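Structure file coords_0.json with JSON, C-alpha atoms:
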[["chain", "number", "residue", "atom", "x", "y", "z"],
["A", 1, "ASP", "CA", 136.41, 121.54, 120.60],
["A", 2, "VAL", "CA", 138.52, 119.88, 117.90],
["A", 3, "THR", "CA", 138.09, 122.97, 115.72],
["A", 4, "ASN", "CA", 139.46, 125.17, 118.52],
["A", 5, "LYS", "CA", 142.44, 122.84, 118.91],
["A", 6, "LEU", "CA", 143.07, 123.04, 115.16],
["A", 7, "GLN", "CA", 143.15, 126.83, 115.33],
["A", 8, "ALA", "CA", 145.44, 126.77, 118.36],
["A", 9, "ALA", "CA", 147.77, 124.31, 116.58],
["A", 10, "ARG", "CA", 148.42, 126.88, 113.84],
["A", 11, "LYS", "CA", 150.45, 128.90, 116.36],
["A", 12, "TYR", "CA", 152.97, 126.08, 117.00],
["A", 13, "ALA", "CA", 156.44, 125.79, 115.49],
["A", 14, "PRO", "CA", 156.44, 124.50, 111.87],
["A", 15, "ASP", "CA", 157.19, 120.80, 112.58],
["A", 16, "THR", "CA", 154.95, 120.65, 115.62],
["A", 17, "ARG", "CA", 152.23, 122.52, 113.75],
["A", 18, "LYS", "CA", 152.38, 120.05, 110.87],
["A", 19, "ASN", "CA", 152.07, 117.03, 113.22],
["A", 20, "ALA", "CA", 149.33, 118.67, 115.29],
["A", 21, "LEU", "CA", 147.31, 119.67, 112.21],
["A", 22, "ASN", "CA", 147.59, 116.14, 110.78],
["A", 23, "GLU", "CA", 146.48, 114.57, 114.08],
["A", 24, "TYR", "CA", 143.63, 116.99, 114.67],
["A", 25, "SER", "CA", 142.46, 116.76, 111.03],
["A", 26, "ALA", "CA", 142.38, 112.96, 111.27],
["A", 27, "MET", "CA", 140.50, 113.22, 114.57],
["A", 28, "GLN", "CA", 138.00, 115.66, 113.06],
["A", 29, "THR", "CA", 137.44, 113.34, 110.09],
["A", 30, "LYS", "CA", 136.75, 110.40, 112.43],
["A", 31, "LEU", "CA", 134.43, 112.55, 114.54],
["A", 32, "THR", "CA", 132.49, 113.72, 111.49],
["A", 33, "GLU", "CA", 132.15, 110.14, 110.26],
["A", 34, "ALA", "CA", 130.93, 108.97, 113.69],
["A", 35, "GLN", "CA", 128.35, 111.77, 113.82],
["A", 36, "ARG", "CA", 127.15, 110.86, 110.34],
["A", 37, "LYS", "CA", 126.63, 107.25, 111.47],
["A", 38, "ILE", "CA", 124.85, 108.29, 114.69],
["A", 39, "ASN", "CA", 122.45, 110.84, 113.16],
["A", 40, "PRO", "CA", 119.85, 108.29, 111.95],
["A", 41, "TYR", "CA", 119.49, 106.99, 115.52],
["A", 42, "LYS", "CA", 118.94, 110.39, 117.13],
["A", 43, "ASN", "CA", 115.25, 110.49, 116.19],
["A", 44, "PHE", "CA", 114.72, 106.74, 116.46],
["A", 45, "LYS", "CA", 112.28, 106.89, 119.37],
["A", 46, "LYS", "CA", 110.06, 109.49, 117.72],
["A", 47, "GLU", "CA", 110.22, 107.77, 114.33],
["A", 48, "PHE", "CA", 109.53, 104.39, 115.93],
["A", 49, "HIS", "CA", 106.27, 105.61, 117.43],
["A", 50, "ALA", "CA", 105.30, 107.14, 114.08],
["A", 51, "ARG", "CA", 106.01, 103.82, 112.35],
["A", 52, "VAL", "CA", 103.93, 101.92, 114.91],
["A", 53, "GLU", "CA", 101.02, 104.31, 114.32],
["A", 54, "ALA", "CA", 101.44, 103.91, 110.56],
["A", 55, "ARG", "CA", 101.33, 100.11, 110.94],
["A", 56, "LYS", "CA", 98.11, 100.37, 112.96],
["A", 57, "ALA", "CA", 96.58, 102.60, 110.29],
["A", 58, "LEU", "CA", 97.63, 100.18, 107.54],
["A", 59, "SER", "CA", 96.12, 97.30, 109.48],
["A", 60, "GLU", "CA", 92.82, 99.16, 109.86],
["A", 61, "ILE", "CA", 92.75, 100.01, 106.16],
["A", 62, "ALA", "CA", 93.52, 96.39, 105.23],
["A", 63, "ASP", "CA", 90.64, 95.24, 107.45],
["A", 64, "LYS", "CA", 88.26, 97.71, 105.78],
["A", 65, "ILE", "CA", 89.33, 96.51, 102.34],
["A", 66, "SER", "CA", 88.81, 92.89, 103.38],
["A", 67, "GLU", "CA", 85.33, 93.68, 104.69],
["A", 68, "ALA", "CA", 84.46, 95.50, 101.47],
["A", 69, "GLU", "CA", 85.81, 92.63, 99.36],
["A", 70, "LEU", "CA", 83.67, 90.20, 101.35],
["A", 71, "GLU", "CA", 80.55, 92.30, 100.75],
["A", 72, "VAL", "CA", 81.38, 92.58, 97.05],
["A", 73, "GLU", "CA", 81.86, 88.83, 96.86],
["A", 74, "LYS", "CA", 78.49, 88.27, 98.56],
["A", 75, "ALA", "CA", 76.81, 90.63, 96.10],
["A", 76, "ALA", "CA", 78.55, 88.91, 93.18],
["A", 77, "MET", "CA", 77.38, 85.51, 94.38],
["A", 78, "MET", "CA", 73.83, 86.77, 94.85],
["A", 79, "SER", "CA", 73.80, 88.33, 91.39],
["A", 80, "SER", "CA", 75.14, 85.13, 89.82],
["A", 81, "ALA", "CA", 71.50, 83.98, 89.76],
["A", 82, "ALA", "CA", 71.17, 86.33, 86.80],
["A", 83, "ASP", "CA", 73.30, 83.92, 84.74],
["A", 84, "SER", "CA", 70.57, 81.30, 84.94],
["A", 85, "GLY", "CA", 67.74, 83.69, 84.19],
["A", 86, "GLN", "CA", 65.74, 86.51, 85.73],
["A", 87, "MET", "CA", 66.32, 87.33, 89.40],
["A", 88, "SER", "CA", 63.28, 87.68, 91.64],
["A", 89, "GLU", "CA", 62.34, 91.03, 93.17],
["A", 90, "ASP", "CA", 63.48, 89.82, 96.60],
["A", 91, "GLU", "CA", 66.86, 88.72, 95.23],
["A", 92, "LEU", "CA", 67.30, 92.09, 93.52],
["A", 93, "GLN", "CA", 66.47, 94.02, 96.69],
["A", 94, "ALA", "CA", 68.72, 91.87, 98.87],
["A", 95, "THR", "CA", 71.64, 92.28, 96.46],
["A", 96, "GLU", "CA", 71.06, 96.04, 96.14],
["A", 97, "LYS", "CA", 71.13, 96.32, 99.95],
["A", 98, "LEU", "CA", 74.64, 94.82, 99.91],
["A", 99, "VAL", "CA", 75.88, 96.95, 97.02],
["A", 100, "THR", "CA", 75.27, 100.41, 98.50],
["A", 101, "PRO", "CA", 77.23, 100.03, 101.77],
["A", 102, "ALA", "CA", 80.00, 98.09, 100.02],
["A", 103, "ASN", "CA", 80.36, 100.88, 97.46],
["A", 104, "ALA", "CA", 80.43, 103.54, 100.19],
["A", 105, "GLN", "CA", 83.06, 101.60, 102.13],
["A", 106, "ILE", "CA", 85.25, 101.12, 99.07],
["A", 107, "LEU", "CA", 85.04, 104.81, 98.14],
["A", 108, "ALA", "CA", 85.89, 105.88, 101.71],
["A", 109, "THR", "CA", 88.83, 103.48, 101.80],
["A", 110, "VAL", "CA", 90.16, 104.70, 98.45],
["A", 111, "ARG", "CA", 89.93, 108.32, 99.67],
["A", 112, "THR", "CA", 91.82, 107.37, 102.84],
["A", 113, "LEU", "CA", 94.48, 105.58, 100.79],
["A", 114, "ASP", "CA", 94.87, 108.58, 98.47],
["A", 115, "MET", "CA", 95.31, 110.87, 101.47],
["A", 116, "LYS", "CA", 97.89, 108.53, 103.04],
["A", 117, "LEU", "CA", 99.76, 108.27, 99.75],
["A", 118, "ARG", "CA", 100.02, 112.06, 99.54],
["A", 119, "GLN", "CA", 101.19, 112.28, 103.17],
["A", 120, "ASN", "CA", 103.75, 109.47, 102.91],
["A", 121, "ALA", "CA", 105.13, 110.18, 99.46],
["A", 122, "ALA", "CA", 108.76, 109.84, 100.60],
["A", 123, "ASP", "CA", 108.54, 106.52, 102.47],
["A", 124, "GLY", "CA", 109.14, 103.82, 99.84],
["A", 125, "ALA", "CA", 107.99, 100.70, 101.72],
["A", 126, "MET", "CA", 104.87, 102.42, 103.03],
["A", 127, "LYS", "CA", 104.08, 103.80, 99.59],
["A", 128, "ASP", "CA", 104.36, 100.33, 98.03],
["A", 129, "GLU", "CA", 102.03, 98.84, 100.62],
["A", 130, "LEU", "CA", 99.50, 101.66, 100.22],
["A", 131, "THR", "CA", 99.62, 101.31, 96.44],
["A", 132, "GLY", "CA", 99.00, 97.57, 96.73],
["A", 133, "MET", "CA", 96.02, 98.21, 98.99],
["A", 134, "LYS", "CA", 94.68, 100.80, 96.58],
["A", 135, "ASP", "CA", 94.95, 98.29, 93.72],
["A", 136, "LYS", "CA", 92.98, 95.76, 95.79],
["A", 137, "ALA", "CA", 90.31, 98.35, 96.57],
["A", 138, "ASN", "CA", 90.07, 99.37, 92.92],
["A", 139, "ALA", "CA", 89.72, 95.71, 91.87],
["A", 140, "ALA", "CA", 86.87, 95.29, 94.37],
["A", 141, "LYS", "CA", 85.30, 98.49, 93.03],
["A", 142, "LYS", "CA", 85.48, 97.17, 89.46],
["A", 143, "LYS", "CA", 83.89, 93.89, 90.49],
["A", 144, "LEU", "CA", 81.17, 95.80, 92.32],
["A", 145, "GLU", "CA", 80.54, 97.93, 89.23],
["A", 146, "GLY", "CA", 80.05, 94.69, 87.28],
["A", 147, "VAL", "CA", 77.48, 93.56, 89.85],
["A", 148, "VAL", "CA", 75.72, 96.93, 89.62],
["A", 149, "THR", "CA", 75.56, 96.59, 85.83],
["A", 150, "VAL", "CA", 73.99, 93.12, 86.15],
["A", 151, "LEU", "CA", 71.50, 94.46, 88.71],
["A", 152, "LYS", "CA", 70.50, 97.34, 86.42],
["A", 153, "LYS", "CA", 69.86, 94.94, 83.55],
["A", 154, "GLN", "CA", 67.85, 92.70, 85.86],
["A", 155, "ARG", "CA", 65.90, 95.67, 87.24],
["A", 156, "GLU", "CA", 65.07, 96.83, 83.70],
["A", 157, "ALA", "CA", 63.84, 93.35, 82.82],
["A", 158, "VAL", "CA", 61.58, 93.30, 85.91],
["A", 159, "THR", "CA", 59.95, 96.65, 85.12]]
As structure tokens, what does this structure read like?
Amino acid sequence: DVTNKLQAARKYAPDTRKNALNEYSAMQTKLTEAQRKINPYKNFKKEFHARVEARKALSEIADKISEAELEVEKAAMMSSAADSGQMSEDELQATEKLVTPANAQILATVRTLDMKLRQNAADGAMKDELTGMKDKANAAKKKLEGVVTVLKKQREAVT
């Protein structure tokens, strides 16, 4: 509408045209600035729901990582008997039963995190949180690999 008024103002007498063009140009500048400020809020409702879903997903992933870390810690504590000598067959089997599901859970969580990182490459805060979670999962995986190494050495000593 302002653009139409600007075009119509070009037909006025020189002084009137100058005043009208100045007024309409100023109005158009203000309108453009207002639209620029409003644009981020236009999709707020849709983006809000997406952010809520992302928060839920992050919470679920954090819970899975915590569970896996707990299992890894249990396995590490059980394998600490190897420091004082040879583990019994029962101790080895019990520890190995913890290692397999913990490893599977960590691998699944890391895959999920990688997928989420690829999907949310643009969102800085989300990317930082996902990267932090991935670091935690990788630390748990490293600790679990250490436990597996101890178990292999213990298993070789038993056989």
Within 9 Å of (92.2, 96.1, 102.2) in the file's own coordinates, which protein, DNA or RNA residues have an atom, counting all atoms listed in the file? List them as an mmCIF file with C-alpha atoms, keeping the file's coordinate frame.
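Resulting contents of selection.cif:
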data_model
loop_
_atom_site.group_PDB
_atom_site.id
_atom_site.type_symbol
_atom_site.label_atom_id
_atom_site.label_comp_id
_atom_site.auth_asym_id
_atom_site.auth_seq_id
_atom_site.Cartn_x
_atom_site.Cartn_y
_atom_site.Cartn_z
ATOM 1 C CA LEU A 58 97.630 100.180 107.540
ATOM 2 C CA SER A 59 96.120 97.300 109.480
ATOM 3 C CA GLU A 60 92.820 99.160 109.860
ATOM 4 C CA ILE A 61 92.750 100.010 106.160
ATOM 5 C CA ALA A 62 93.520 96.390 105.230
ATOM 6 C CA ASP A 63 90.640 95.240 107.450
ATOM 7 C CA LYS A 64 88.260 97.710 105.780
ATOM 8 C CA ILE A 65 89.330 96.510 102.340
ATOM 9 C CA SER A 66 88.810 92.890 103.380
ATOM 10 C CA GLU A 67 85.330 93.680 104.690
ATOM 11 C CA ALA A 68 84.460 95.500 101.470
ATOM 12 C CA GLU A 69 85.810 92.630 99.360
ATOM 13 C CA THR A 109 88.830 103.480 101.800
ATOM 14 C CA GLY A 132 99.000 97.570 96.730
ATOM 15 C CA MET A 133 96.020 98.210 98.990
ATOM 16 C CA LYS A 134 94.680 100.800 96.580
ATOM 17 C CA LYS A 136 92.980 95.760 95.790
ATOM 18 C CA ALA A 137 90.310 98.350 96.570
#
From A:Ile38, A:Ala20, A:Leu151, A:Val2, residue lying nearest Leu92 of chain A [all atoms listed in the file]: A:Leu151
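For the residues A:Ala9, A:Val72, A:Met126, A:Ala139, ranking by smallest atom-to-atom distance to Asn103 of chain A using only C-alpha atoms places A:Val72 first.
Using all atoms listed in the file for every distance, the candidate list A:Gln154, A:Thr3, A:Asn22, A:Gln105 yields A:Gln105 as the residue closest to Glu71 of chain A.
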Pairwise distance for atom CA of Ala157 of chain A and atom CA of Lys141 of chain A, rounded to one decimal in Å: 24.3 Å
Atom pair atom CA of Leu6 of chain A / atom CA of Ala34 of chain A: separation (Å): 18.6 Å
Atomic separation - atom CA of Asp135 of chain A relative to atom CA of Arg111 of chain A, Å: 12.7 Å
Minimum-distance residue to Tyr24 of chain A, chosen among A:Asn4, A:Val158, A:Lys37, A:Lys11 (using only C-alpha atoms): A:Asn4
Given all atoms listed in the file as the counted atoms, nearest of A:Val147, A:Gln119, A:Arg10, A:Lys5 to Ala81 of chain A: A:Val147
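Each of A:Lys116, A:Arg36, A:Lys142, A:Lys45 was compared to Glu129 of chain A using all atoms listed in the file, and A:Lys116 turns out to be the nearest.
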Listed atoms of segment 136-142 of chain A boxed along x, y and z, 8 Å each side, centre and edge lengths in Å, one decimal, as AutoDock Vina command-line options:
--center_x 89.1 --center_y 97.3 --center_z 93.0 --size_x 23.7 --size_y 20.1 --size_z 23.1
Near-Ser80 of chain A list (9 Å; all atoms listed in the file; drop same-chain fewer than 4 positions) as a ChimeraX atom specification: /A:75-76,84,147,150
